[in-house]
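*Asks:* Just final_34.cif, nothing more (mmCIF, C-alpha atoms):
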data_structure
#
loop_
_atom_site.group_PDB
_atom_site.id
_atom_site.type_symbol
_atom_site.label_atom_id
_atom_site.label_comp_id
_atom_site.auth_asym_id
_atom_site.auth_seq_id
_atom_site.Cartn_x
_atom_site.Cartn_y
_atom_site.Cartn_z
ATOM 1 C CA MET A 1121 0.000 0.000 0.000
ATOM 2 C CA MET A 1122 1.322 3.454 -0.864
ATOM 3 C CA VAL A 1123 2.505 5.481 2.089
ATOM 4 C CA PRO A 1124 -0.055 8.359 1.891
ATOM 5 C CA PHE A 1125 -2.937 5.865 1.926
ATOM 6 C CA ALA A 1126 -1.370 4.072 4.880
ATOM 7 C CA LEU A 1127 -1.010 7.358 6.758
ATOM 8 C CA ILE A 1128 -4.595 8.418 6.065
ATOM 9 C CA LEU A 1129 -5.865 5.003 7.165
ATOM 10 C CA LEU A 1130 -3.759 5.186 10.326
ATOM 11 C CA GLY A 1131 -5.014 8.701 11.138
ATOM 12 C CA ALA A 1132 -8.643 7.729 10.524
ATOM 13 C CA LEU A 1133 -8.272 4.649 12.722
ATOM 14 C CA ALA A 1134 -6.790 6.689 15.567
ATOM 15 C CA ALA A 1135 -9.466 9.388 15.215
ATOM 16 C CA ALA A 1136 -12.262 6.818 15.390
ATOM 17 C CA MET A 1137 -10.916 4.417 18.012
ATOM 18 C CA ALA A 1138 -9.201 6.706 20.540
ATOM 19 C CA PRO A 1139 -12.435 8.333 21.852
ATOM 20 C CA ARG A 1140 -14.033 4.905 22.350
ATOM 21 C CA LEU A 1141 -11.032 3.465 24.153
ATOM 22 C CA MET A 1142 -10.682 6.509 26.418
ATOM 23 C CA ALA A 1143 -14.416 6.509 27.192
ATOM 24 C CA ARG A 1144 -14.214 2.896 28.370
ATOM 25 C CA ALA A 1145 -11.105 3.451 30.487
ATOM 26 C CA SER A 1146 -11.546 3.992 34.211
ATOM 27 C CA TRP A 1147 -8.133 5.498 34.953
ATOM 28 C CA PRO A 1148 -8.442 9.062 33.450
ATOM 29 C CA ASP A 1149 -10.288 10.372 36.525
ATOM 30 C CA ARG A 1150 -7.520 8.994 38.723
ATOM 31 C CA GLU A 1151 -4.724 10.384 36.527
ATOM 32 C CA PRO A 1152 -6.021 13.516 34.766
ATOM 33 C CA VAL A 1153 -2.544 14.806 33.883
ATOM 34 C CA LEU A 1154 -1.673 11.502 32.229
ATOM 35 C CA ALA A 1155 -5.028 11.508 30.426
ATOM 36 C CA LEU A 1156 -4.338 14.989 29.070
ATOM 37 C CA TRP A 1157 -0.952 13.781 27.836
ATOM 38 C CA VAL A 1158 -2.549 10.790 26.086
ATOM 39 C CA TRP A 1159 -5.152 12.986 24.393
ATOM 40 C CA GLN A 1160 -2.502 15.419 23.188
ATOM 41 C CA CYS A 1161 -0.385 12.592 21.776
ATOM 42 C CA VAL A 1162 -3.370 11.108 19.934
ATOM 43 C CA VAL A 1163 -4.377 14.455 18.433
ATOM 44 C CA ALA A 1164 -0.762 15.172 17.467
ATOM 45 C CA GLY A 1165 -0.555 11.754 15.818
ATOM 46 C CA VAL A 1166 -3.712 12.365 13.759
ATOM 47 C CA LEU A 1167 -2.504 15.778 12.622
ATOM 48 C CA LEU A 1168 0.945 14.391 11.821
ATOM 49 C CA CYS A 1169 -0.606 11.688 9.627
ATOM 50 C CA CYS A 1170 -2.361 14.384 7.607
ATOM 51 C CA VAL A 1171 0.757 16.553 7.284
ATOM 52 C CA LEU A 1172 2.971 13.672 6.159
ATOM 53 C CA ALA A 1173 0.369 12.367 3.696
ATOM 54 C CA MET A 1174 0.029 15.871 2.246
ATOM 55 C CA SER A 1175 3.806 16.218 1.855
ATOM 56 C CA LEU A 1176 4.242 12.903 0.048
ATOM 57 C CA SER A 1177 1.208 13.484 -2.187
ATOM 58 C CA ALA A 1178 2.441 16.955 -3.106
ATOM 59 C CA ALA A 1179 5.917 15.542 -3.799
ATOM 60 C CA ALA A 1180 4.374 12.976 -6.148
ATOM 61 C CA ALA A 1181 2.270 15.576 -7.944
ATOM 62 C CA TRP A 1182 4.753 18.426 -8.424
ATOM 63 C CA GLU A 1183 8.454 18.240 -9.206
ATOM 64 C CA ALA A 1184 9.215 21.500 -7.381
ATOM 65 C CA VAL A 1185 7.769 20.157 -4.130
ATOM 66 C CA ARG A 1186 9.599 16.859 -4.607
ATOM 67 C CA GLY A 1187 12.901 18.705 -4.857
ATOM 68 C CA ASN A 1188 12.277 20.396 -1.507
ATOM 69 C CA VAL A 1189 10.919 17.343 0.334
ATOM 70 C CA PHE A 1190 13.731 15.048 -0.846
ATOM 71 C CA ALA A 1191 16.421 17.709 -1.152
ATOM 72 C CA LEU A 1192 19.018 15.795 0.872
ATOM 73 C CA ALA A 1193 17.882 12.259 0.029
ATOM 74 C CA PRO A 1194 19.892 9.962 -2.264
ATOM 75 C CA ARG A 1195 18.294 8.935 -5.531
ATOM 76 C CA GLY A 1196 17.714 5.416 -4.243
ATOM 77 C CA VAL A 1197 15.552 6.750 -1.421
ATOM 78 C CA ILE A 1198 13.378 8.727 -3.844
ATOM 79 C CA GLU A 1199 12.929 5.670 -6.039
ATOM 80 C CA ALA A 1200 11.933 3.586 -3.013
ATOM 81 C CA TYR A 1201 8.797 5.727 -2.571
ATOM 82 C CA ALA A 1202 7.731 5.067 -6.201
ATOM 83 C CA LEU A 1203 6.225 8.544 -6.455
ATOM 84 C CA GLY A 1204 5.492 8.104 -10.146
ATOM 85 C CA ALA A 1205 3.026 5.317 -9.375
ATOM 86 C CA TYR A 1206 0.773 7.514 -7.240
ATOM 87 C CA GLY A 1207 -1.308 8.462 -10.245
ATOM 88 C CA SER A 1208 -3.560 11.440 -10.901
ATOM 89 C CA TRP A 1209 -5.117 11.373 -7.439
ATOM 90 C CA ALA A 1210 -1.939 12.721 -5.803
ATOM 91 C CA ALA A 1211 -2.588 16.370 -6.673
ATOM 92 C CA PRO A 1212 -6.259 16.452 -5.509
ATOM 93 C CA LEU A 1213 -5.330 14.677 -2.269
ATOM 94 C CA ALA A 1214 -2.489 17.117 -1.600
ATOM 95 C CA VAL A 1215 -4.764 20.097 -2.276
ATOM 96 C CA LEU A 1216 -7.513 18.668 -0.054
ATOM 97 C CA LEU A 1217 -5.126 18.080 2.845
ATOM 98 C CA ALA A 1218 -3.532 21.502 2.340
ATOM 99 C CA CYS A 1219 -6.977 23.109 2.521
ATOM 100 C CA GLY A 1220 -7.572 21.229 5.766
ATOM 101 C CA GLY A 1221 -4.302 22.550 7.162
ATOM 102 C CA ALA A 1222 -5.118 26.100 6.091
ATOM 103 C CA TRP A 1223 -8.584 25.825 7.661
ATOM 104 C CA THR A 1224 -6.990 24.591 10.895
ATOM 105 C CA ALA A 1225 -4.750 27.656 10.960
ATOM 106 C CA VAL A 1226 -7.749 29.912 10.295
ATOM 107 C CA VAL A 1227 -9.938 28.502 13.077
ATOM 108 C CA LEU A 1228 -7.032 28.478 15.532
ATOM 109 C CA THR A 1229 -6.240 32.119 14.749
ATOM 110 C CA ARG A 1230 -9.918 33.004 15.087
ATOM 111 C CA GLU A 1231 -10.137 31.222 18.442
ATOM 112 C CA VAL A 1232 -7.027 32.996 19.768
ATOM 113 C CA ARG A 1233 -8.348 36.384 18.665
ATOM 114 C CA ALA A 1234 -11.751 35.703 20.217
ATOM 115 C CA ALA A 1235 -10.077 34.626 23.461
ATOM 116 C CA ARG A 1236 -8.003 37.797 23.513
ATOM 117 C CA ALA A 1237 -11.114 39.881 22.946
ATOM 118 C CA ARG A 1238 -12.912 38.102 25.798
ATOM 119 C CA ARG A 1239 -9.907 38.568 28.051
ATOM 120 C CA LYS A 1240 -9.783 42.261 27.195
ATOM 121 C CA ARG A 1241 -13.479 42.659 28.010
ATOM 122 C CA HIS A 1242 -13.048 40.810 31.293
ATOM 123 C CA ARG A 1243 -10.101 42.982 32.291
ATOM 124 C CA ALA A 1244 -12.053 46.110 31.410
ATOM 125 C CA ASP A 1245 -14.958 44.832 33.514
ATOM 126 C CA VAL A 1246 -12.617 44.112 36.427
ATOM 127 C CA ALA A 1247 -11.075 47.578 36.136
ATOM 128 C CA LEU A 1248 -14.557 49.136 36.078
ATOM 129 C CA ARG A 1249 -15.675 47.201 39.149
ATOM 130 C CA SER A 1250 -12.485 47.987 41.077
ATOM 131 C CA PRO A 1251 -11.921 51.734 40.533
ATOM 132 C CA LEU A 1252 -8.804 53.397 41.885
ATOM 133 C CA LEU A 1253 -8.900 55.736 44.822
ATOM 134 C CA PRO A 1254 -7.621 59.324 44.353
ATOM 135 C CA GLY A 1255 -3.836 59.194 44.025
ATOM 136 C CA GLU A 1256 -3.758 55.403 43.710
ATOM 137 C CA GLU A 1257 -1.996 53.690 40.799
ATOM 138 C CA ARG A 1258 -2.469 50.233 39.373
ATOM 139 C CA THR A 1259 0.478 48.037 40.321
ATOM 140 C CA GLY A 1260 -0.501 44.830 38.560
ATOM 141 C CA ASP A 1261 -1.291 42.978 41.774
ATOM 142 C CA PRO A 1262 -1.777 39.229 41.194
ATOM 143 C CA MET A 1263 -5.059 39.297 43.137
ATOM 144 C CA VAL A 1264 -8.059 41.618 42.777
ATOM 145 C CA VAL A 1265 -11.037 41.700 45.138
ATOM 146 C CA LEU A 1266 -14.389 42.781 43.699
ATOM 147 C CA GLU A 1267 -17.594 43.678 45.460
ATOM 148 C CA GLY A 1268 -20.147 41.022 44.662
ATOM 149 C CA ASP A 1269 -23.072 39.128 46.171
ATOM 150 C CA ARG A 1270 -22.123 35.915 44.350
ATOM 151 C CA ALA A 1271 -19.211 33.749 45.458
ATOM 152 C CA GLU A 1272 -16.842 33.638 42.475
ATOM 153 C CA ALA A 1273 -13.148 33.212 41.831
ATOM 154 C CA TRP A 1274 -11.441 33.001 38.453
ATOM 155 C CA TRP A 1275 -8.053 33.456 36.849
ATOM 156 C CA LEU A 1276 -7.365 36.041 34.145
ATOM 157 C CA PRO A 1277 -4.451 34.749 32.003
ATOM 158 C CA GLY A 1278 -2.162 37.068 30.074
ATOM 159 C CA LEU A 1279 1.133 38.896 30.413
ATOM 160 C CA SER A 1280 0.159 39.961 33.931
ATOM 161 C CA PRO A 1281 -2.203 37.198 35.141
ATOM 162 C CA GLN A 1282 -4.557 38.010 37.969
ATOM 163 C CA LEU A 1283 -6.762 36.074 40.355
ATOM 164 C CA VAL A 1284 -10.156 37.738 40.767
ATOM 165 C CA VAL A 1285 -12.163 36.990 43.918
ATOM 166 C CA THR A 1286 -15.466 38.488 44.990
ATOM 167 C CA THR A 1287 -16.208 39.663 48.512
ATOM 168 C CA ALA A 1288 -18.952 37.053 48.767
ATOM 169 C CA ALA A 1289 -16.338 34.353 48.153
ATOM 170 C CA LEU A 1290 -14.106 35.809 50.854
ATOM 171 C CA ARG A 1291 -17.002 35.717 53.307
ATOM 172 C CA ARG A 1292 -17.901 32.127 52.510
ATOM 173 C CA LEU A 1293 -14.459 30.558 52.294
ATOM 174 C CA LYS A 1294 -13.196 29.571 55.716
ATOM 175 C CA GLY A 1295 -9.702 28.767 56.910
ATOM 176 C CA GLN A 1296 -7.515 27.371 54.125
ATOM 177 C CA GLN A 1297 -10.377 27.118 51.646
ATOM 178 C CA LEU A 1298 -9.337 30.391 50.009
ATOM 179 C CA ASP A 1299 -5.763 29.102 49.793
ATOM 180 C CA ALA A 1300 -7.075 25.956 48.084
ATOM 181 C CA VAL A 1301 -8.984 28.068 45.546
ATOM 182 C CA ILE A 1302 -5.879 30.149 44.863
ATOM 183 C CA ALA A 1303 -3.788 26.982 44.431
ATOM 184 C CA HIS A 1304 -6.422 25.594 42.039
ATOM 185 C CA GLU A 1305 -6.373 28.694 39.847
ATOM 186 C CA LYS A 1306 -2.581 28.957 39.941
ATOM 187 C CA GLY A 1307 -2.453 25.343 38.801
ATOM 188 C CA HIS A 1308 -4.408 26.328 35.684
ATOM 189 C CA ALA A 1309 -2.024 29.218 35.045
ATOM 190 C CA ARG A 1310 1.204 27.254 35.518
ATOM 191 C CA ALA A 1311 0.045 24.414 33.263
ATOM 192 C CA ARG A 1312 -1.137 26.873 30.578
ATOM 193 C CA HIS A 1313 -4.501 25.142 30.461
ATOM 194 C CA HIS A 1314 -6.028 28.066 28.565
ATOM 195 C CA LEU A 1315 -3.792 27.310 25.555
ATOM 196 C CA LEU A 1316 -4.890 23.691 25.559
ATOM 197 C CA LEU A 1317 -8.533 24.769 25.729
ATOM 198 C CA HIS A 1318 -8.076 27.131 22.781
ATOM 199 C CA CYS A 1319 -6.520 24.399 20.613
ATOM 200 C CA ALA A 1320 -9.243 21.901 21.531
ATOM 201 C CA ALA A 1321 -11.998 24.413 20.772
ATOM 202 C CA ALA A 1322 -10.467 25.380 17.426
ATOM 203 C CA LEU A 1323 -10.155 21.763 16.238
ATOM 204 C CA ALA A 1324 -13.675 20.871 17.391
ATOM 205 C CA VAL A 1325 -15.210 23.924 15.710
ATOM 206 C CA GLY A 1326 -13.170 23.518 12.532
ATOM 207 C CA PHE A 1327 -13.785 19.784 12.138
ATOM 208 C CA PRO A 1328 -17.000 18.930 14.023
ATOM 209 C CA GLN A 1329 -17.388 15.572 12.229
ATOM 210 C CA VAL A 1330 -14.030 14.210 13.431
ATOM 211 C CA PRO A 1331 -14.749 12.168 16.589
ATOM 212 C CA VAL A 1332 -11.353 12.597 18.189
ATOM 213 C CA PHE A 1333 -11.504 16.411 18.060
ATOM 214 C CA ALA A 1334 -15.011 16.598 19.510
ATOM 215 C CA ALA A 1335 -14.098 14.158 22.284
ATOM 216 C CA PHE A 1336 -10.869 16.035 22.940
ATOM 217 C CA GLN A 1337 -12.770 19.270 23.521
ATOM 218 C CA ASP A 1338 -15.280 17.573 25.832
ATOM 219 C CA GLN A 1339 -12.646 15.820 27.888
ATOM 220 C CA VAL A 1340 -10.096 18.600 28.162
ATOM 221 C CA HIS A 1341 -12.548 20.852 30.018
ATOM 222 C CA ARG A 1342 -13.142 18.157 32.617
ATOM 223 C CA LEU A 1343 -9.559 16.948 32.908
ATOM 224 C CA VAL A 1344 -8.006 20.375 33.450
ATOM 225 C CA GLU A 1345 -10.389 20.958 36.353
ATOM 226 C CA LEU A 1346 -9.542 17.582 37.884
ATOM 227 C CA SER A 1347 -5.863 18.318 37.452
ATOM 228 C CA ALA A 1348 -6.192 21.684 39.207
ATOM 229 C CA ASP A 1349 -8.248 20.045 41.980
ATOM 230 C CA ASP A 1350 -5.402 17.597 42.568
ATOM 231 C CA ILE A 1351 -2.877 20.426 42.760
ATOM 232 C CA ALA A 1352 -4.940 22.174 45.434
ATOM 233 C CA SER A 1353 -5.716 18.986 47.365
ATOM 234 C CA ARG A 1354 -2.050 17.964 47.549
ATOM 235 C CA ARG A 1355 -1.265 21.223 49.342
ATOM 236 C CA PHE A 1356 -4.355 21.793 51.461
ATOM 237 C CA GLY A 1357 -6.123 18.444 51.637
ATOM 238 C CA ARG A 1358 -9.019 16.883 49.782
ATOM 239 C CA LEU A 1359 -11.641 17.845 52.356
ATOM 240 C CA THR A 1360 -10.630 21.523 52.322
ATOM 241 C CA THR A 1361 -10.646 21.619 48.513
ATOM 242 C CA ALA A 1362 -14.031 19.871 48.336
ATOM 243 C CA LEU A 1363 -15.554 22.286 50.863
ATOM 244 C CA ALA A 1364 -14.196 25.227 48.878
ATOM 245 C CA LEU A 1365 -15.897 23.868 45.740
ATOM 246 C CA VAL A 1366 -19.168 23.499 47.634
ATOM 247 C CA GLU A 1367 -19.011 27.034 49.044
ATOM 248 C CA LEU A 1368 -18.293 28.549 45.626
ATOM 249 C CA ASN A 1369 -21.010 26.645 43.772
ATOM 250 C CA GLU A 1370 -23.749 25.963 46.292
ATOM 251 C CA ASP A 1371 -25.844 28.974 45.253
ATOM 252 C CA ARG A 1372 -25.704 28.006 41.563
ATOM 253 C CA GLY A 1373 -27.974 24.996 41.916
ATOM 254 C CA VAL A 1374 -25.303 22.535 40.830
ATOM 255 C CA PHE A 1375 -26.230 20.107 43.596
ATOM 256 C CA GLY A 1376 -29.884 19.976 42.616
ATOM 257 C CA PRO A 1377 -31.690 17.772 40.078
ATOM 258 C CA THR A 1378 -31.556 20.371 37.285
ATOM 259 C CA PRO A 1379 -28.358 20.240 35.168
ATOM 260 C CA THR A 1380 -26.401 23.475 34.897
ATOM 261 C CA GLN A 1381 -23.225 24.654 33.224
ATOM 262 C CA CYS A 1382 -21.350 23.514 36.350
ATOM 263 C CA ALA A 1383 -22.880 20.020 36.380
ATOM 264 C CA GLN A 1384 -19.424 18.458 36.829
ATOM 265 C CA VAL A 1385 -18.949 20.032 40.255
ATOM 266 C CA PRO A 1386 -20.796 17.313 42.242
ATOM 267 C CA ALA A 1387 -18.675 14.618 40.574
ATOM 268 C CA ARG A 1388 -15.535 16.596 41.381
ATOM 269 C CA VAL A 1389 -16.587 16.890 45.023
ATOM 270 C CA ASP A 1390 -17.330 13.154 45.223
ATOM 271 C CA ARG A 1391 -13.955 12.406 43.649
ATOM 272 C CA LEU A 1392 -12.176 14.512 46.266
ATOM 273 C CA LEU A 1393 -14.066 12.982 49.180
ATOM 274 C CA SER A 1394 -13.817 9.376 47.926
ATOM 275 C CA PRO A 1395 -10.499 9.208 46.073
ATOM 276 C CA ALA A 1396 -9.677 6.128 44.022
ATOM 277 C CA ALA A 1397 -6.216 4.609 44.187
ATOM 278 C CA ARG A 1398 -3.716 6.099 41.773
ATOM 279 C CA LEU A 1399 -1.901 4.006 39.205
ATOM 280 C CA THR A 1400 1.476 2.648 40.238
ATOM 281 C CA PRO A 1401 4.520 4.707 39.182
ATOM 282 C CA GLY A 1402 5.607 1.933 36.843
ATOM 283 C CA ARG A 1403 2.256 1.835 35.090
ATOM 284 C CA ARG A 1404 2.141 5.623 34.801
ATOM 285 C CA LEU A 1405 5.617 5.616 33.250
ATOM 286 C CA GLY A 1406 4.669 2.846 30.854
ATOM 287 C CA MET A 1407 1.485 4.590 29.715
ATOM 288 C CA THR A 1408 3.378 7.860 29.285
ATOM 289 C CA ALA A 1409 5.907 6.137 27.043
ATOM 290 C CA MET A 1410 3.203 4.324 25.064
ATOM 291 C CA ALA A 1411 1.338 7.591 24.463
ATOM 292 C CA ALA A 1412 4.555 9.260 23.314
ATOM 293 C CA LEU A 1413 4.911 6.521 20.691
ATOM 294 C CA VAL A 1414 1.596 7.454 19.042
ATOM 295 C CA PRO A 1415 3.069 10.428 17.084
ATOM 296 C CA VAL A 1416 6.160 8.323 16.339
ATOM 297 C CA VAL A 1417 4.187 5.658 14.445
ATOM 298 C CA PRO A 1418 3.328 7.976 11.488
ATOM 299 C CA LEU A 1419 7.009 8.911 11.246
ATOM 300 C CA LEU A 1420 8.013 5.244 11.145
ATOM 301 C CA VAL A 1421 5.405 4.498 8.462
ATOM 302 C CA THR A 1422 6.708 7.420 6.425
ATOM 303 C CA PHE A 1423 10.404 6.658 6.731
ATOM 304 C CA VAL A 1424 10.310 2.857 6.360
ATOM 305 C CA PRO A 1425 10.666 2.882 2.524
ATOM 306 C CA GLY A 1426 13.558 5.329 2.708
ATOM 307 C CA LEU A 1427 15.337 3.447 5.493
ATOM 308 C CA SER A 1428 14.913 0.144 3.694
ATOM 309 C CA ALA A 1429 16.533 1.672 0.616
ATOM 310 C CA LEU A 1430 19.591 2.717 2.634
ATOM 311 C CA THR A 1431 20.187 -0.734 4.127
#
Could you rewrite the structure in this file as structure tokens?
*Replies:*
Amino acid sequence: MMVPFALILLGALAAAMAPRLMARASWPDREPVLALWVWQCVVAGVLLCCVLAMSLSAAAAWEAVRGNVFALAPRGVIEAYALGAYGSWAAPLAVLLACGGAWTAVVLTREVRAARARRKRHRADVALRSPLLPGEERTGDPMVVLEGDRAEAWWLPGLSPQLVVTTAALRRLKGQQLDAVIAHEKGHARARHHLLLHCAAALAVGFPQVPVFAAFQDQVHRLVELSADDIASRRFGRLTTALALVELNEDRGVFGPTPTQCAQVPARVDRLLSPAARLTPGRRLGMTAMAALVPVVPLLVTFVPGLSALT
């Protein structure tokens, strides 16, 4: 089978099977950081299959592209790929995959711009709700307290990230609960979870019919919250972190029978109060290595003909 077809088949198989396998697995809730790593490796593998298939198809269709792709390769390596046998379908396939890549860049750029616009509006709203006193200057403090009757706390990413907390949250959070909330939000900032969310949203919006991208967007929202919960609980305890979640979300009706936008909160609280055993270090290391091999497989499929020609 010609290499581009093999790559497309491999990418389609990964895109269809990965969401099913991850949905059946019971370990992602116990190891959210590892689950995020696995998802990223799978998505990278699917995208890499498309990029490599596009490159080989374009090299088969146009001599100029072939000269750039195989610029440093011996003649025997080029002959091993049998580019002349690809036929007339090489050019349409290369154009189709190139259009997909261009569309990916467009939706990702659009998502980043929209996120920046939302962040700008949020910062303007925070500045409006926390006016300066006469003679006071903004110093870029990492924490801003707003007057508010609703218990809320959120992180504003950017060049000067800030944690925003309402006075209602300060009244409700007792003891180290506020510290747990701060640790949770700082965990999001340090791990750059907002970048991961932007990429997942862009792929899901750009290619809604691809199962792996839709599942990636659904799971990344949940997994980043579980990961930040674990960061807070390791420092301040699971009970303190769970109580902080309850205090921040109790008035939103998340613990009632009616689903809300924060419907995952009860499951997060239950997970903190009744933790399942983590995977052993050896198993975590093995799964990390196996996930890292997923993007390597398309490279091996691509380079096998060339390597066989050199031996």
*Asks:* Mind giving me the straight-line distance from CA of Thr1287 (chain A) to CA of Glu1267 (chain A) in Å, one decimal?
*Replies:*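 Calculated distance between CA of Thr1287 (chain A) and CA of Glu1267 (chain A) is 5.2 Å.
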*Asks:* Counting only C-alpha atoms, what is within 8 Å of Ala1214 (chain A), bar same-chain residues fewer than 6 positions away, as a ChimeraX atom specification?
*Replies:* /A:1173-1175,1177-1178
*Asks:* Would you mind telling me which residue in A:Ala1164, A:Val1417, A:Met1410, A:Leu1359 lies nearest to Ala1320 (chain A) when using only C-alpha atoms?
*Replies:* A:Ala1164
*Asks:* If we count only C-alpha atoms, what is near Ala1218 (chain A) at a cut-off of 12 Å, once residues fewer than 2 positions away on the same chain are taken out, given as a PyMOL selection string?
*Replies:* chain A and resi 1167+1170-1178+1211-1216+1220-1225
*Asks:* Residues at most 7 Å from Phe1333 (chain A), counting all atoms listed in the file, excluding those fewer than 2 positions away in the same chain, as a PyMOL selection string?
*Replies:* chain A and resi 1320+1323-1324+1330-1331+1335-1337
*Asks:* Measuring between all atoms listed in the file, which one of A:Gly1295, A:Pro1124, A:Pro1148, A:Gly1196 shows the shortest distance to Ala1396 (chain A)?
*Replies:*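 Looking only at the distances to Ala1396 (chain A), the closest residue turns out to be A:Pro1148.
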*Asks:* Can you turn the PyMOL selection byres ((chain A and resi 1271-1281) around 9) into a concrete residue list for this file, as a ChimeraX atom specification?
*Replies:* /A:1236,1239,1242-1243,1260-1263,1268-1270,1282-1293,1301-1302,1305-1306,1308-1309,1312,1314,1367-1369,1371
*Asks:* What does the distance from CA of Val1227 (chain A) to CA of Pro1328 (chain A) come to in Å, to one decimal?
*Replies:* 11.9 Å
*Asks:* Between CA of Thr1229 (chain A) and CA of Leu1343 (chain A), what distance in Å does the model show, to one decimal?
*Replies:* 23.9 Å
*Asks:* If you apply the PyMOL selection byres ((chain A and resi 1357) around 12) to this file, what residues do you get, as a ChimeraX atom specification?
*Replies:* /A:1296-1297,1299-1301,1303-1304,1349-1356,1358-1364,1392-1393,1395
*Asks:* Include C-alpha atoms and write out the residues we just selected as a short mmCIF file (atom, residue, chain, number, x, y, z; two decimals), keeping the file's coordinate frame.
*Replies:*
data_model
loop_
_atom_site.label_atom_id
_atom_site.label_comp_id
_atom_site.auth_asym_id
_atom_site.auth_seq_id
_atom_site.Cartn_x
_atom_site.Cartn_y
_atom_site.Cartn_z
CA GLN A 1296 -7.52 27.37 54.12
CA GLN A 1297 -10.38 27.12 51.65
CA ASP A 1299 -5.76 29.10 49.79
CA ALA A 1300 -7.08 25.96 48.08
CA VAL A 1301 -8.98 28.07 45.55
CA ALA A 1303 -3.79 26.98 44.43
CA HIS A 1304 -6.42 25.59 42.04
CA ASP A 1349 -8.25 20.05 41.98
CA ASP A 1350 -5.40 17.60 42.57
CA ILE A 1351 -2.88 20.43 42.76
CA ALA A 1352 -4.94 22.17 45.43
CA SER A 1353 -5.72 18.99 47.36
CA ARG A 1354 -2.05 17.96 47.55
CA ARG A 1355 -1.26 21.22 49.34
CA PHE A 1356 -4.36 21.79 51.46
CA ARG A 1358 -9.02 16.88 49.78
CA LEU A 1359 -11.64 17.84 52.36
CA THR A 1360 -10.63 21.52 52.32
CA THR A 1361 -10.65 21.62 48.51
CA ALA A 1362 -14.03 19.87 48.34
CA LEU A 1363 -15.55 22.29 50.86
CA ALA A 1364 -14.20 25.23 48.88
CA LEU A 1392 -12.18 14.51 46.27
CA LEU A 1393 -14.07 12.98 49.18
CA PRO A 1395 -10.50 9.21 46.07
#
*Asks:* Which is closest to Val1416 (chain A) among A:Ala1145, A:Ala1181, A:Cys1169, A:Leu1129, if we use all atoms listed in the file?
*Replies:* A:Cys1169
